[in-house]
Amino acid sequence: MTQQISFMVENQRRMEAVQKCFGPSGTRILDPGRVLVGEGRLMKQSRRGAQPKAFFLFNDMLVYGSIVINGRWFKKQKIIPLEDIELEDLENGFQMKHQWLVKTPRKSFYVSAASPDEKQAWMEHIEVCKARLLQSSDRRPSSRFAVTWIPDPASAICMRCSRKFTVTHRRHHCRKCGLLVCGVCSRKRAVIGNIHPTKRQRVCVQCHSSLSLEEDRRGRGDSTGLRSDEDEHVSIEEPHYEDYIEDDYHPVNWADNGMESFSPYVYLKPEHVWPPL
């Protein structure tokens, strides 16, 4: 009993520290049944290139955010339930090593660790926590995942009409297939249920056709007058996982960002995977 009380007090202290680091804008993470399993930094690929992010693995979710001050304060908190995560191992690329793909219904993104040991630890512990969560609860794993987007440099022409991209004829991404398309070929909007249950997303003409029946059932037509967040090329404040607007590119385009200088992944203790009974 003494050991269990000590564990609960220590775990509470750790989670309070994590919550405090995200400030008042962060979502509350304190929960009686929640355990902080491990923490560390990974490089995450986005529109602005590879960036260091602070990641926190709990027994029921994965939390990450941007590092602001001296690696101790974070913003743009993202929370992903573990049942929504599927991992895909990747081989080392020419410019990026120790990488893997994190797939979720609303976004899929590439991350990279500082060493093969850290990569293995992250992947194994996420899988273990997910398996135990599914075994001990009524949660069900996701079966639909967002596609990863084709990187901007991958094509100089629209992948639908083959028209050349220019300063005025800009490239965009279809949210359904991830292809690079021009504005003319992506005027349509459609609801993609696994990304957002009601918000209409930019899609190419082919994907819009395949989604039109679903759109009709929802009682909404397409809109050609809306602008997507991608059009503005600005960073959008993202309070949590459900409302993401961020581009994720393939790791072959990543550059060396000094990952070796980052703090290593910390797997707190084996028993922290689950509270001792």
# chains A, B, ... in the order shown; residues from 1 in each chain; ligands from 1
call {"tool": "residues_around", "arguments": {"residues": "A:Glu127", "least_positions_apart": "4", "cutoff": "10 Å", "atoms": "only C-alpha atoms", "output": "VMD selection string"}}
result
chain A and resid 82 to 83 85 to 87 121 to 123 131 to 133
call {"tool": "residues_around", "arguments": {"residues": "stretch 22-30 of chain A", "least_positions_apart": "4", "cutoff": "9 Å", "atoms": "only C-alpha atoms", "output": "ChimeraX atom specification"}}
result
/A:12,15-16,18,34,65,73-79,239-240
call {"tool": "closest_atom_pairs", "arguments": {"of": "stretch 105-175 of chain A", "to": "stretch 202-213 of chain A", "cutoff": "8 Å", "atoms": "only C-alpha atoms", "output": "Markdown table"}}
result
| residue | atom | partner | partner_atom | distance |
| --- | --- | --- | --- | --- |
| A:His173 | CA | A:Arg202 | CA | 7.6 |
| A:Cys174 | CA | A:Val203 | CA | 4.4 |
| A:Arg175 | CA | A:Val203 | CA | 5.6 |
call {"tool": "write_last_selection", "arguments": {"atoms": "N, CA and C atoms", "output": "JSON list (two decimals), in the first residue's frame"}}
result
[["chain", "number", "residue", "atom", "x", "y", "z"],
["A", 173, "HIS", "N", -3.03, 21.29, -51.65],
["A", 173, "HIS", "CA", -3.11, 19.86, -51.36],
["A", 173, "HIS", "C", -4.56, 19.44, -51.23],
["A", 174, "CYS", "N", -4.90, 18.34, -51.90],
["A", 174, "CYS", "CA", -6.21, 17.73, -51.68],
["A", 174, "CYS", "C", -6.16, 17.03, -50.33],
["A", 175, "ARG", "N", -7.12, 17.33, -49.47],
["A", 175, "ARG", "CA", -7.14, 16.74, -48.12],
["A", 175, "ARG", "C", -7.51, 15.26, -48.13]]
call {"tool": "atom_distance", "arguments": {"atom1": "atom CA of A:Asp31", "atom2": "atom CA of A:Met43"}}
result
27.9 Å
call {"tool": "atom_distance", "arguments": {"atom1": "atom CA of A:Gln4", "atom2": "atom CA of A:Val128"}}
result
21.4 Å
